>>> print(open('model.txt').read())   # compact mmCIF, C-alpha atoms and all ligand atoms
# COMPACT_ATOMS: atom_id res chain seq x y z
CA MET S 8 -105.67 145.76 -5.27
CA HIS S 9 -105.40 143.35 -8.12
CA PHE S 10 -106.93 139.90 -7.60
CA PRO S 11 -106.29 137.04 -9.97
CA LYS S 12 -109.63 136.32 -11.59
CA PRO S 13 -110.56 133.10 -9.76
CA ILE S 14 -109.94 134.71 -6.36
CA LEU S 15 -111.99 137.74 -7.29
CA PHE S 16 -114.77 135.42 -8.36
CA LEU S 17 -114.67 133.46 -5.10
CA THR S 18 -114.63 136.67 -3.09
CA LEU S 19 -117.77 137.85 -4.82
CA ILE S 20 -119.45 134.52 -4.16
CA CYS S 21 -118.52 134.84 -0.48
CA PHE S 22 -120.15 138.24 -0.26
CA VAL S 23 -123.31 136.84 -1.69
CA PHE S 24 -123.50 133.68 0.37
CA ILE S 25 -121.69 134.85 3.53
CA SER S 26 -120.77 131.32 4.64
CA CYS S 27 -117.28 131.09 3.11
CA GLY S 28 -115.59 132.87 5.96
CA ASP S 29 -116.71 130.79 8.84
CA GLU S 30 -115.94 127.39 7.24
CA SER S 31 -118.47 125.93 9.63
CA HIS S 32 -117.07 123.11 11.71
CA GLU S 33 -120.18 121.11 11.01
CA ASP S 34 -118.51 118.74 8.61
CA LEU S 35 -115.22 118.68 10.43
CA MET S 36 -114.91 115.29 12.11
CA ILE S 37 -112.19 113.85 14.29
CA PHE S 38 -111.92 110.11 14.84
CA THR S 39 -109.79 109.83 17.95
CA ASN S 40 -107.80 107.20 19.88
CA ALA S 41 -106.90 104.88 17.04
CA THR S 42 -103.93 103.08 15.56
CA ILE S 43 -104.04 104.22 11.95
CA TRP S 44 -102.44 102.85 8.81
CA ASN S 45 -102.94 105.35 6.03
CA GLY S 46 -102.23 102.90 3.23
CA SER S 47 -98.83 104.31 2.28
CA ASP S 48 -95.46 102.76 3.03
CA GLN S 49 -95.52 104.41 6.44
CA SER S 50 -96.09 102.11 9.36
CA MET S 51 -99.09 102.33 11.60
CA GLN S 52 -99.39 105.41 13.73
CA GLU S 53 -100.39 104.69 17.30
CA ASN S 54 -102.38 107.06 19.48
CA ALA S 55 -103.58 108.92 16.43
CA ALA S 56 -106.65 110.74 15.18
CA LEU S 57 -108.10 110.99 11.68
CA VAL S 58 -109.40 114.43 10.79
CA THR S 59 -111.93 114.69 7.96
CA ARG S 60 -113.87 117.51 6.39
CA ASP S 61 -116.84 117.10 4.05
CA GLY S 62 -116.13 113.38 3.83
CA ARG S 63 -112.50 113.75 2.85
CA VAL S 64 -109.25 113.25 4.72
CA VAL S 65 -107.64 116.38 6.12
CA SER S 66 -104.85 114.83 8.19
CA ILE S 67 -103.80 112.20 10.67
CA LEU S 68 -102.68 113.75 13.93
CA ASP S 69 -100.95 112.58 17.05
CA MET S 70 -103.40 112.72 19.95
CA ASN S 71 -100.87 114.80 21.87
CA ASP S 72 -100.47 117.35 19.08
CA PRO S 73 -100.56 120.79 20.72
CA ASP S 74 -102.52 122.10 17.72
CA PHE S 75 -105.23 119.45 18.03
CA PRO S 76 -108.29 121.18 16.56
CA GLU S 77 -111.19 122.09 18.76
CA GLY S 78 -114.85 122.53 18.03
CA ALA S 79 -115.15 119.53 15.77
CA GLN S 80 -117.45 116.58 16.13
CA THR S 81 -115.49 113.79 17.75
CA GLN S 82 -115.85 110.06 17.52
CA ASP S 83 -113.80 107.99 19.97
CA LEU S 84 -112.52 104.79 18.34
CA ASN S 85 -111.34 103.36 21.70
CA GLY S 86 -107.94 102.16 20.59
CA ALA S 87 -109.13 100.27 17.51
CA PHE S 88 -107.19 99.88 14.25
CA VAL S 89 -108.09 101.95 11.19
CA ILE S 90 -107.20 101.01 7.63
CA PRO S 91 -108.30 102.47 4.28
CA GLY S 92 -111.52 100.99 2.93
CA LEU S 93 -110.93 97.73 1.08
CA ILE S 94 -111.23 97.72 -2.71
CA ASN S 95 -112.32 94.79 -4.81
CA ALA S 96 -110.53 95.42 -8.10
CA HIS S 97 -112.53 92.75 -9.92
CA GLY S 98 -116.11 92.13 -8.89
CA HIS S 99 -119.49 92.13 -10.61
CA ILE S 100 -122.45 94.16 -9.41
CA GLY S 101 -126.14 93.67 -10.12
CA MET S 102 -125.95 90.66 -12.43
CA ALA S 103 -127.56 88.11 -10.10
CA ARG S 104 -129.85 87.90 -7.11
CA GLY S 105 -129.06 84.72 -5.21
CA LEU S 106 -128.75 82.07 -7.92
CA ASP S 107 -131.06 83.96 -10.30
CA THR S 108 -129.46 85.79 -13.24
CA SER S 109 -132.69 86.41 -15.14
CA ALA S 110 -134.02 89.87 -15.99
CA GLN S 111 -136.01 89.80 -12.73
CA ALA S 112 -132.75 90.06 -10.82
CA HIS S 113 -131.77 93.23 -12.64
CA THR S 114 -133.09 96.06 -10.52
CA THR S 115 -131.79 99.23 -8.96
CA ASP S 116 -132.66 97.86 -5.51
CA ASN S 117 -130.52 94.80 -6.12
CA VAL S 118 -127.54 96.92 -7.15
CA ILE S 119 -127.87 99.03 -4.01
CA ARG S 120 -128.37 95.96 -1.82
CA GLN S 121 -125.17 94.38 -3.17
CA LEU S 122 -123.16 97.55 -2.69
CA ARG S 123 -124.48 97.81 0.88
CA LEU S 124 -123.55 94.20 1.49
CA SER S 125 -120.03 94.87 0.23
CA ALA S 126 -119.75 97.91 2.49
CA ALA S 127 -120.92 95.87 5.50
CA TYR S 128 -117.85 93.67 4.97
CA GLY S 129 -115.53 96.66 4.74
CA ILE S 130 -115.35 96.62 0.93
CA THR S 131 -115.90 100.31 0.32
CA THR S 132 -115.22 100.24 -3.44
CA VAL S 133 -116.04 97.66 -6.08
CA VAL S 134 -114.71 97.80 -9.61
CA SER S 135 -117.30 95.78 -11.47
CA LEU S 136 -115.66 94.30 -14.54
CA GLY S 137 -118.52 93.78 -16.91
CA ASP S 138 -122.01 92.47 -17.60
CA GLU S 139 -123.79 94.91 -15.33
CA PRO S 140 -127.44 95.78 -16.01
CA PRO S 141 -128.14 99.44 -16.89
CA HIS S 142 -129.42 99.89 -13.31
CA ALA S 143 -125.83 99.75 -12.09
CA PHE S 144 -125.05 102.86 -14.11
CA LEU S 145 -128.12 104.61 -12.68
CA VAL S 146 -126.89 103.84 -9.17
CA ARG S 147 -123.31 104.85 -9.93
CA ASP S 148 -124.47 108.20 -11.30
CA GLY S 149 -127.45 108.94 -9.08
CA VAL S 150 -126.95 107.54 -5.59
CA ASN S 151 -124.60 108.99 -2.99
CA PRO S 152 -122.59 106.08 -1.48
CA ALA S 153 -122.03 107.79 1.87
CA GLU S 154 -125.74 108.59 2.26
CA ARG S 155 -126.82 105.05 1.40
CA GLY S 156 -124.04 103.26 3.27
CA MET S 157 -122.97 101.50 0.11
CA ALA S 158 -119.68 100.82 -1.61
CA ARG S 159 -118.56 103.12 -4.39
CA VAL S 160 -118.80 101.44 -7.76
CA PHE S 161 -116.95 101.61 -11.06
CA LEU S 162 -118.29 99.80 -14.11
CA ALA S 163 -117.14 98.19 -17.35
CA GLY S 164 -120.52 97.72 -19.04
CA ASP S 165 -121.05 94.95 -21.57
CA VAL S 166 -118.13 92.62 -22.10
CA LEU S 167 -116.96 93.50 -25.62
CA TYR S 168 -117.21 90.97 -28.36
CA ALA S 169 -116.51 91.11 -32.09
CA ASP S 170 -116.54 88.43 -34.78
CA SER S 171 -114.30 90.47 -37.03
CA VAL S 172 -112.17 93.59 -36.97
CA ASP S 173 -114.90 95.39 -38.93
CA GLU S 174 -117.25 95.17 -35.95
CA VAL S 175 -114.85 96.62 -33.43
CA VAL S 176 -115.51 100.35 -33.77
CA GLU S 177 -119.24 99.98 -33.42
CA GLU S 178 -119.00 97.49 -30.55
CA VAL S 179 -116.75 99.76 -28.53
CA SER S 180 -118.72 102.92 -29.23
CA ARG S 181 -122.00 101.20 -28.34
CA ASN S 182 -120.62 100.34 -24.91
CA HIS S 183 -118.98 103.74 -24.59
CA GLU S 184 -122.41 105.39 -24.62
CA PHE S 185 -122.99 104.09 -21.09
CA ARG S 186 -119.87 105.98 -19.96
CA PRO S 187 -118.08 102.98 -18.45
CA ASP S 188 -114.97 103.40 -16.31
CA TRP S 189 -113.19 100.43 -17.87
CA MET S 190 -113.86 98.02 -20.70
CA LYS S 191 -113.44 94.27 -20.71
CA ILE S 192 -113.00 91.35 -23.08
CA ARG S 193 -112.77 87.60 -22.78
CA VAL S 194 -110.16 86.01 -25.01
CA ASP S 195 -110.43 82.39 -23.93
CA ASP S 196 -112.71 79.75 -25.46
CA GLY S 197 -114.63 79.08 -22.22
CA LEU S 198 -113.26 75.52 -22.15
CA GLY S 199 -114.45 74.85 -25.69
CA GLN S 200 -117.78 76.69 -25.37
CA ARG S 201 -116.95 79.42 -27.88
CA GLU S 202 -114.34 80.43 -30.39
CA LYS S 203 -111.25 82.08 -29.02
CA MET S 204 -110.85 85.76 -29.79
CA SER S 205 -108.00 86.21 -32.26
CA PRO S 206 -105.06 88.52 -31.50
CA GLU S 207 -106.05 90.54 -34.57
CA ILE S 208 -109.49 91.28 -33.09
CA TYR S 209 -108.40 91.93 -29.52
CA SER S 210 -105.59 94.14 -30.73
CA ALA S 211 -108.14 96.26 -32.64
CA ILE S 212 -110.41 96.37 -29.58
CA ILE S 213 -107.58 97.48 -27.30
CA ASP S 214 -106.65 100.31 -29.69
CA GLU S 215 -110.26 101.40 -30.01
CA VAL S 216 -110.80 101.38 -26.25
CA HIS S 217 -107.63 103.43 -25.80
CA SER S 218 -108.89 105.93 -28.36
CA HIS S 219 -111.75 106.61 -25.93
CA ASN S 220 -109.19 107.17 -23.15
CA LEU S 221 -110.28 104.04 -21.32
CA GLN S 222 -108.37 100.98 -20.22
CA LEU S 223 -109.02 97.40 -21.14
CA ALA S 224 -109.19 94.42 -18.77
CA ALA S 225 -108.78 90.97 -20.25
CA HIS S 226 -110.21 87.72 -19.01
CA ILE S 227 -107.56 85.11 -19.80
CA VAL S 228 -106.81 81.53 -18.82
CA THR S 229 -103.56 80.72 -20.63
CA LEU S 230 -100.03 82.07 -20.46
CA GLU S 231 -100.03 82.55 -24.23
CA ASP S 232 -103.16 84.72 -24.12
CA ALA S 233 -101.83 86.76 -21.21
CA LYS S 234 -98.71 87.52 -23.23
CA GLY S 235 -100.74 88.31 -26.34
CA ILE S 236 -102.87 90.78 -24.42
CA LEU S 237 -99.83 92.51 -22.98
CA GLN S 238 -97.99 92.64 -26.30
CA ASN S 239 -101.02 94.31 -27.81
CA GLY S 240 -101.38 96.95 -25.10
CA GLY S 241 -103.96 95.47 -22.69
CA ASP S 242 -104.11 97.11 -19.27
CA LEU S 243 -105.13 94.45 -16.73
CA ILE S 244 -104.80 90.68 -16.50
CA ALA S 245 -108.17 89.98 -14.93
CA HIS S 246 -107.64 86.37 -13.76
CA SER S 247 -104.77 84.04 -12.95
CA VAL S 248 -102.73 82.26 -15.57
CA ARG S 249 -104.01 78.73 -15.13
CA ASP S 250 -102.37 76.48 -17.73
CA GLU S 251 -98.62 76.89 -17.29
CA PRO S 252 -96.20 78.39 -14.80
CA VAL S 253 -95.61 82.09 -15.50
CA ASP S 254 -92.22 82.77 -17.03
CA ARG S 255 -89.68 85.59 -17.32
CA GLU S 256 -91.21 86.84 -20.56
CA LEU S 257 -94.62 87.40 -18.94
CA ILE S 258 -93.08 89.02 -15.87
CA ASP S 259 -91.08 91.42 -18.04
CA LEU S 260 -94.14 92.28 -20.13
CA MET S 261 -96.04 93.12 -16.95
CA LEU S 262 -93.22 95.06 -15.31
CA ASP S 263 -92.47 97.03 -18.50
CA ARG S 264 -95.80 98.81 -18.39
CA ASP S 265 -96.53 98.20 -14.71
CA ILE S 266 -99.55 96.02 -15.49
CA CYS S 267 -101.43 94.42 -12.60
CA ILE S 268 -103.22 91.12 -12.10
CA THR S 269 -106.37 90.29 -10.15
CA PRO S 270 -105.91 86.60 -9.26
CA THR S 271 -109.60 85.87 -8.39
CA LEU S 272 -108.69 82.66 -6.53
CA THR S 273 -112.14 82.40 -4.98
CA ARG S 274 -113.57 82.34 -8.49
CA GLU S 275 -111.81 78.99 -9.08
CA LEU S 276 -113.07 77.77 -5.73
CA SER S 277 -116.66 78.72 -6.54
CA VAL S 278 -116.68 76.47 -9.59
CA PHE S 279 -116.29 73.27 -7.59
CA VAL S 280 -116.68 73.97 -3.87
CA TYR S 281 -120.46 73.45 -3.78
CA ALA S 282 -120.26 69.86 -5.02
CA GLU S 283 -120.38 69.17 -1.29
CA ARG S 284 -121.50 71.35 1.57
CA PRO S 285 -118.59 73.78 2.04
CA GLY S 286 -117.12 74.35 5.48
CA PHE S 287 -117.74 78.07 5.35
CA PHE S 288 -121.49 77.43 5.53
CA ASP S 289 -120.82 77.16 9.28
CA ASP S 290 -118.77 80.35 9.50
CA PRO S 291 -120.64 82.97 11.58
CA PHE S 292 -118.90 85.74 9.60
CA PHE S 293 -120.51 84.30 6.46
CA LEU S 294 -123.88 83.48 8.01
CA GLU S 295 -124.30 87.02 9.33
CA TYR S 296 -125.37 88.19 5.87
CA ALA S 297 -126.01 84.99 3.90
CA ASP S 298 -129.48 84.33 2.51
CA PRO S 299 -130.72 81.05 4.08
CA GLU S 300 -132.73 80.28 0.96
CA VAL S 301 -129.63 80.40 -1.24
CA LEU S 302 -127.77 78.16 1.21
CA GLU S 303 -130.61 75.68 1.11
CA GLN S 304 -130.63 75.70 -2.70
CA LEU S 305 -126.87 75.14 -2.84
CA GLN S 306 -127.26 71.97 -0.76
CA ARG S 307 -129.81 70.33 -3.03
CA PRO S 308 -128.32 67.28 -4.82
CA GLU S 309 -129.37 68.53 -8.26
CA VAL S 310 -127.65 71.87 -7.62
CA GLN S 311 -124.57 70.21 -6.15
CA ALA S 312 -124.34 68.18 -9.37
CA VAL S 313 -123.87 71.41 -11.34
CA PHE S 314 -120.57 71.89 -9.52
CA THR S 315 -119.10 68.63 -10.80
CA GLY S 316 -117.89 67.63 -14.23
CA ASN S 317 -115.26 68.89 -16.64
CA ALA S 318 -115.25 72.60 -15.83
CA ALA S 319 -115.26 71.92 -12.10
CA ASP S 320 -112.39 69.45 -12.48
CA TYR S 321 -110.43 71.82 -14.71
CA PHE S 322 -110.57 74.71 -12.28
CA ARG S 323 -110.06 72.55 -9.19
CA ASN S 324 -106.90 71.22 -10.77
CA ALA S 325 -105.87 74.70 -11.95
CA LEU S 326 -106.20 76.38 -8.55
CA PRO S 327 -102.81 75.30 -7.12
CA LEU S 328 -101.09 76.60 -10.27
CA ALA S 329 -103.05 79.85 -10.11
CA ILE S 330 -101.83 80.29 -6.54
CA GLU S 331 -98.24 79.45 -7.46
CA ASN S 332 -98.36 81.94 -10.35
CA MET S 333 -99.79 84.69 -8.14
CA ILE S 334 -96.88 84.24 -5.72
CA ALA S 335 -94.30 84.15 -8.53
CA LEU S 336 -95.65 87.42 -9.96
CA ASN S 337 -95.87 89.04 -6.53
CA ASN S 338 -92.31 88.04 -5.69
CA ALA S 339 -91.13 89.42 -9.04
CA GLY S 340 -92.57 92.84 -8.18
CA VAL S 341 -95.75 92.68 -10.26
CA ARG S 342 -98.61 94.40 -8.47
CA VAL S 343 -101.31 91.97 -7.39
CA ALA S 344 -104.64 93.74 -6.88
CA MET S 345 -107.15 91.95 -4.68
CA GLY S 346 -110.03 90.84 -6.89
CA THR S 347 -112.52 88.05 -6.51
CA ASP S 348 -114.90 87.92 -9.46
CA SER S 349 -117.67 87.85 -6.86
CA GLY S 350 -121.21 88.73 -7.89
CA PRO S 351 -122.25 85.88 -10.20
CA PRO S 352 -124.33 83.18 -8.47
CA ALA S 353 -122.71 81.61 -5.40
CA ARG S 354 -119.78 84.02 -5.40
CA PHE S 355 -120.72 85.81 -2.23
CA GLN S 356 -119.94 89.51 -2.28
CA GLY S 357 -118.13 90.76 0.78
CA TYR S 358 -117.43 87.38 2.31
CA PHE S 359 -115.50 86.15 -0.75
CA GLU S 360 -113.22 89.17 -0.55
CA HIS S 361 -112.21 88.14 2.97
CA MET S 362 -111.77 84.55 1.80
CA GLU S 363 -109.64 85.78 -1.13
CA MET S 364 -107.40 87.73 1.22
CA GLN S 365 -107.06 84.70 3.46
CA MET S 366 -106.11 82.54 0.46
CA MET S 367 -103.51 85.13 -0.55
CA GLN S 368 -102.01 84.99 2.93
CA ASP S 369 -102.17 81.18 3.07
CA ALA S 370 -100.33 81.13 -0.26
CA GLY S 371 -97.40 83.01 1.26
CA MET S 372 -98.12 86.72 0.93
CA SER S 373 -97.60 88.60 4.17
CA ALA S 374 -100.58 90.29 5.82
CA ALA S 375 -98.96 93.64 4.95
CA GLU S 376 -98.74 92.64 1.27
CA VAL S 377 -102.37 91.56 1.24
CA LEU S 378 -103.48 94.79 2.90
CA ARG S 379 -101.59 96.83 0.32
CA SER S 380 -103.04 94.69 -2.46
CA ALA S 381 -106.59 95.34 -1.24
CA THR S 382 -106.17 99.09 -0.75
CA ARG S 383 -103.47 101.16 -2.43
CA TYR S 384 -102.52 98.71 -5.17
CA ALA S 385 -106.15 97.99 -6.04
CA ALA S 386 -106.74 101.74 -6.39
CA GLU S 387 -103.58 102.34 -8.41
CA CYS S 388 -104.16 99.34 -10.65
CA MET S 389 -107.70 100.49 -11.45
CA GLY S 390 -106.72 104.13 -11.92
CA ILE S 391 -108.82 105.42 -9.02
CA ASP S 392 -105.99 106.32 -6.66
CA ASP S 393 -106.48 110.06 -7.04
CA GLU S 394 -109.42 109.74 -4.63
CA LEU S 395 -109.21 106.28 -3.07
CA GLY S 396 -106.91 103.60 -1.71
CA THR S 397 -105.10 105.54 1.03
CA LEU S 398 -106.08 107.92 3.82
CA GLU S 399 -104.06 110.83 2.49
CA GLU S 400 -105.07 114.45 2.34
CA GLY S 401 -107.91 115.17 -0.07
CA LYS S 402 -108.97 111.58 -0.65
CA TRP S 403 -112.31 110.17 0.42
CA ALA S 404 -112.41 109.20 4.08
CA ASP S 405 -113.44 105.61 3.39
CA PHE S 406 -112.11 103.44 6.19
CA VAL S 407 -112.59 100.30 8.20
CA VAL S 408 -112.33 100.06 11.98
CA VAL S 409 -111.15 96.69 13.29
CA GLU S 410 -110.49 95.47 16.80
CA GLU S 411 -107.56 93.17 16.09
CA ASN S 412 -104.33 94.09 14.30
CA PRO S 413 -104.68 93.07 10.62
CA PHE S 414 -100.91 93.32 10.09
CA GLU S 415 -100.48 90.33 12.40
CA ASP S 416 -102.96 88.19 10.53
CA ILE S 417 -105.20 89.21 7.64
CA THR S 418 -108.09 87.26 9.12
CA ASN S 419 -108.13 89.85 11.91
CA LEU S 420 -110.05 91.96 9.39
CA ARG S 421 -113.01 89.87 10.45
CA SER S 422 -113.08 91.83 13.70
CA ILE S 423 -114.70 94.78 11.89
CA THR S 424 -116.58 97.01 14.25
CA ASP S 425 -117.39 99.85 11.88
CA VAL S 426 -117.12 100.95 8.28
CA TYR S 427 -117.12 104.57 7.15
CA ILE S 428 -117.71 105.87 3.64
CA GLY S 429 -117.04 109.55 3.08
CA ALA S 430 -116.54 109.78 6.88
CA LYS S 431 -120.11 108.62 7.37
CA ARG S 432 -120.77 105.51 9.43
CA VAL S 433 -122.29 102.63 7.50
CA VAL S 434 -125.25 101.05 9.24
CA ARG S 435 -124.43 97.36 8.93
ZN ZN S 501 -115.10 88.77 -13.90
>>> encode(input="model.txt", output="C-alpha cells")
Amino acid sequence: MHFPKPILFLTLICFVFISCGDESHEDLMIFTNATIWNGSDQSMQENAALVTRDGRVVSILDMNDPDFPEGAQTQDLNGAFVIPGLINAHGHIGMARGLDTSAQAHTTDNVIRQLRLSAAYGITTVVSLGDEPPHAFLVRDGVNPAERGMARVFLAGDVLYADSVDEVVEEVSRNHEFRPDWMKIRVDDGLGQREKMSPEIYSAIIDEVHSHNLQLAAHIVTLEDAKGILQNGGDLIAHSVRDEPVDRELIDLMLDRDICITPTLTRELSVFVYAERPGFFDDPFFLEYADPEVLEQLQRPEVQAVFTGNAADYFRNALPLAIENMIALNNAGVRVAMGTDSGPPARFQGYFEHMEMQMMQDAGMSAAEVLRSATRYAAECMGIDDELGTLEEGKWADFVVVEENPFEDITNLRSITDVYIGAKRVVR
C-alpha cells in the first residue's frame, strides 16, 4: 500500500504513542440546552448544543439530533443565550494601573489582571493598539489564556513616530523586533501639543509596515487626515472623525479597500465625564470590579479639575459629531468594529466596552448590528477571523453565556452568567 508521506508519518507516530486511535473523549465537551448565535448571518438556533474539542468548536447541534454524541463531558446551560466572545478591536493593555502610568504600573501581573478583568466582562479578545510595556508581549507569548481565564491579546507595540522620512526604516524595524500583530501611528497634533505628522512621513511608514506584512492603524481626528491615511494605504481608522461630517469621498475610500473604523466613543466621554461624579459610579455592573480607591481619587476636586478645560471641551463638543459620523459610515456599509480605547487611566476595561455598545445602540445601531460589530466584524477588521469572532468549526470556543436575549437589547449582555475561553470556564 502506498501512503502519501504525511499520512505515513502520522501512522508511525500513532504506533509509537498509541493514543491517536482512541481520540479520547476527555477534551470533547458539549454545552447543552442553549439558544446559540454563532456570529454568522444565521439567526439564533434554539434548543441547541455547542460541541467543542480541545478548546475549539466542532459543531452546533440540535438537541434532538439523532446522532447526538455520547460519552462527552456535558455542561447544561439551562436555556441561556450563547454568543461568540466579545472582541475589543481597539484597547490598550498594561499601560496603567488605576490612575498610575509610571514604570511601577508596568508589570506582568498587571497585564494578566487586566486581561482577566476584560474576560470577566465577556471581552475574550483585546487588540491593544499601542504603548504596551514589554510585559504585555511576555504574557501574549507565554501565558495560556484559557488556563488563566484571561482575554486573548494582540499587540501593536510602540506607537511609531518619525521626524523625517530618513528615520522611518529604523523606527519600524525597531518595533518589529517585538513581533507586534499590528502597528500604529498618530497623525494629529494632539490639539496643538505636537507637530502633525506629514503625509510624506506617514506614507513612508505605511509602506514600511506593509513590507513587514503587517497592517497599520492610524489615530486621527480630522476628516482630512482620515482621507490622507486611506489614500496612502492605511488599514484602520482607529478613532472617529471629529471635526467635520464624513462625506462621500471618505466613504468610497473606506469601501474601496474595505477599511474599518473603531469609533471609541467612550474615549471621548472619558476626557470630560469625571469633571463631576458620573452616574455610572452607582452602576452595580461597574462597581462589581471597580477599585474603590480609584473611584475615590476620581472624585477629588483637584482630579476633577483635570477633566475640564480646552481638551475636555473639545471632545465633549465633538462627541455628537463622532456619533453622527459612526452612524453615517455604518449606514453606508462601512464596517464599524467595536473599540473603546480603554486601558489608559479612567477608561475602565470591560465596563467601557459595555458602555460603548450601549452608546452604539443609543445612536441608532440595532442590537444585531452592535453584536456583529463586537464579534465577527471586530475579528475580520483586525485580521484575526481565522480563529476568532464566530463559533464556527475549528475556531476557538470563546463564548459568553447570558440570561437575557442580547438581540432584543444590547444591554442584556449585562446578564452574563459565564464566560468561556477555549471552552474553559473563566472564574470571574
Ligand atoms: Zn488608542
>>> residues_near_point(input="model.txt", point="(-102.0, 82.5, 12.9)", cutoff="12 Å", atoms="only C-alpha atoms", output="short mmCIF file (atom, residue, chain, number, x, y, z; two decimals) with C-alpha atoms, keeping the file's coordinate frame")
data_model
loop_
_atom_site.label_atom_id
_atom_site.label_comp_id
_atom_site.auth_asym_id
_atom_site.auth_seq_id
_atom_site.Cartn_x
_atom_site.Cartn_y
_atom_site.Cartn_z
CA GLN S 365 -107.06 84.70 3.46
CA GLN S 368 -102.01 84.99 2.93
CA ASP S 369 -102.17 81.18 3.07
CA SER S 373 -97.60 88.60 4.17
CA ALA S 374 -100.58 90.29 5.82
CA ASN S 412 -104.33 94.09 14.30
CA PRO S 413 -104.68 93.07 10.62
CA PHE S 414 -100.91 93.32 10.09
CA GLU S 415 -100.48 90.33 12.40
CA ASP S 416 -102.96 88.19 10.53
CA ILE S 417 -105.20 89.21 7.64
CA THR S 418 -108.09 87.26 9.12
CA ASN S 419 -108.13 89.85 11.91
#
>>> residues_near_ligand(input="model.txt", ligand="ligand ZN 501 (chain S)", cutoff="9 Å", atoms="all atoms listed in the file", output="list in words")
His97, Gly98, His99, Ser135, Leu136, Gly137, Asp138, Lys191, His226, Ala245, His246, Thr271, Arg274, Gly346, Thr347, Asp348, Ser349, Gly350 and Pro351 of chain S
>>> closest_residue(input="model.txt", among="S:Thr424, S:Thr273, S:Thr59, S:Ser47", to="Asp392 in chain S", atoms="all atoms listed in the file")
S:Ser47
>>> residues_around(input="model.txt", residues="Val176 in chain S", least_positions_apart="5", cutoff="10 Å", atoms="only C-alpha atoms", output="list in words")
Ala169, Arg181, Ala211, Ile212, Asp214, Glu215 and Val216 of chain S
>>> write_last_selection(input="model.txt", atoms="C-alpha atoms", output="PDB file, keeping the file's coordinate frame")
ATOM      1  CA  ALA S 169    -116.510  91.110 -32.090  1.00  0.00           C
ATOM      2  CA  ARG S 181    -122.000 101.200 -28.340  1.00  0.00           C
ATOM      3  CA  ALA S 211    -108.140  96.260 -32.640  1.00  0.00           C
ATOM      4  CA  ILE S 212    -110.410  96.370 -29.580  1.00  0.00           C
ATOM      5  CA  ASP S 214    -106.650 100.310 -29.690  1.00  0.00           C
ATOM      6  CA  GLU S 215    -110.260 101.400 -30.010  1.00  0.00           C
ATOM      7  CA  VAL S 216    -110.800 101.380 -26.250  1.00  0.00           C
TER       8      VAL S 216
END
>>> closest_residue(input="model.txt", among="S:Thr108, S:Gln80, S:Asn71, S:Ser50", to="Met36 in chain S", atoms="only C-alpha atoms")
S:Gln80
>>> residues_around(input="model.txt", residues="Ala318 in chain S", least_positions_apart="2", cutoff="10 Å", atoms="all atoms listed in the file", output="VMD selection string")
chain S and resid 197 to 198 275 278 to 279 313 to 316 320 to 324
>>> residues_around(input="model.txt", residues="Glu256 in chain S", least_positions_apart="3", cutoff="12 Å", atoms="all atoms listed in the file", output="number ranges by chain")
S: 230-231, 233-235, 237-238, 252-253, 259-263, 336, 339
>>> residues_around(input="model.txt", residues="Pro308 in chain S", least_positions_apart="3", cutoff="12 Å", atoms="all atoms listed in the file", output="compact mmCIF listing (two decimals) with C-alpha atoms, in the frame of the given file")
# COMPACT_ATOMS: atom_id res chain seq x y z
CA TYR S 281 -120.46 73.45 -3.78
CA ALA S 282 -120.26 69.86 -5.02
CA GLU S 283 -120.38 69.17 -1.29
CA ARG S 284 -121.50 71.35 1.57
CA GLU S 303 -130.61 75.68 1.11
CA GLN S 304 -130.63 75.70 -2.70
CA LEU S 305 -126.87 75.14 -2.84
CA GLN S 311 -124.57 70.21 -6.15
CA ALA S 312 -124.34 68.18 -9.37
CA VAL S 313 -123.87 71.41 -11.34
CA PHE S 314 -120.57 71.89 -9.52
CA THR S 315 -119.10 68.63 -10.80
>>> residues_around(input="model.txt", residues="Gly371 in chain S", least_positions_apart="6", cutoff="10 Å", atoms="only C-alpha atoms", output="mmCIF file with C-alpha atoms, in the frame of the given file")
data_model
loop_
_atom_site.group_PDB
_atom_site.id
_atom_site.type_symbol
_atom_site.label_atom_id
_atom_site.label_comp_id
_atom_site.auth_asym_id
_atom_site.auth_seq_id
_atom_site.Cartn_x
_atom_site.Cartn_y
_atom_site.Cartn_z
ATOM 1 C CA ILE S 330 -101.830 80.290 -6.540
ATOM 2 C CA GLU S 331 -98.240 79.450 -7.460
ATOM 3 C CA MET S 333 -99.790 84.690 -8.140
ATOM 4 C CA ILE S 334 -96.880 84.240 -5.720
ATOM 5 C CA ASN S 337 -95.870 89.040 -6.530
ATOM 6 C CA ASN S 338 -92.310 88.040 -5.690
ATOM 7 C CA VAL S 377 -102.370 91.560 1.240
#
>>> decode(input="model.txt", residues="range 366-386 of chain S", atoms="C-alpha atoms", output="compact mmCIF listing (two decimals), in the first residue's frame")
# COMPACT_ATOMS: atom_id res chain seq x y z
CA MET S 366 -23.80 54.14 23.08
CA MET S 367 -23.73 52.48 19.66
CA GLN S 368 -27.26 51.22 20.20
CA ASP S 369 -28.46 54.56 21.59
CA ALA S 370 -27.03 56.20 18.48
CA GLY S 371 -29.28 54.10 16.25
CA MET S 372 -27.46 50.86 15.51
CA SER S 373 -29.61 47.81 16.09
CA ALA S 374 -28.61 45.33 18.78
CA ALA S 375 -27.84 42.84 15.98
CA GLU S 376 -25.50 45.35 14.32
CA VAL S 377 -23.73 46.03 17.59
CA LEU S 378 -23.33 42.32 18.29
CA ARG S 379 -21.84 41.77 14.85
CA SER S 380 -19.57 44.77 15.33
CA ALA S 381 -18.24 43.36 18.61
CA THR S 382 -17.68 39.83 17.32
CA ARG S 383 -17.33 38.93 13.65
CA TYR S 384 -16.57 42.40 12.31
CA ALA S 385 -14.05 43.12 15.05
CA ALA S 386 -12.27 39.86 14.19
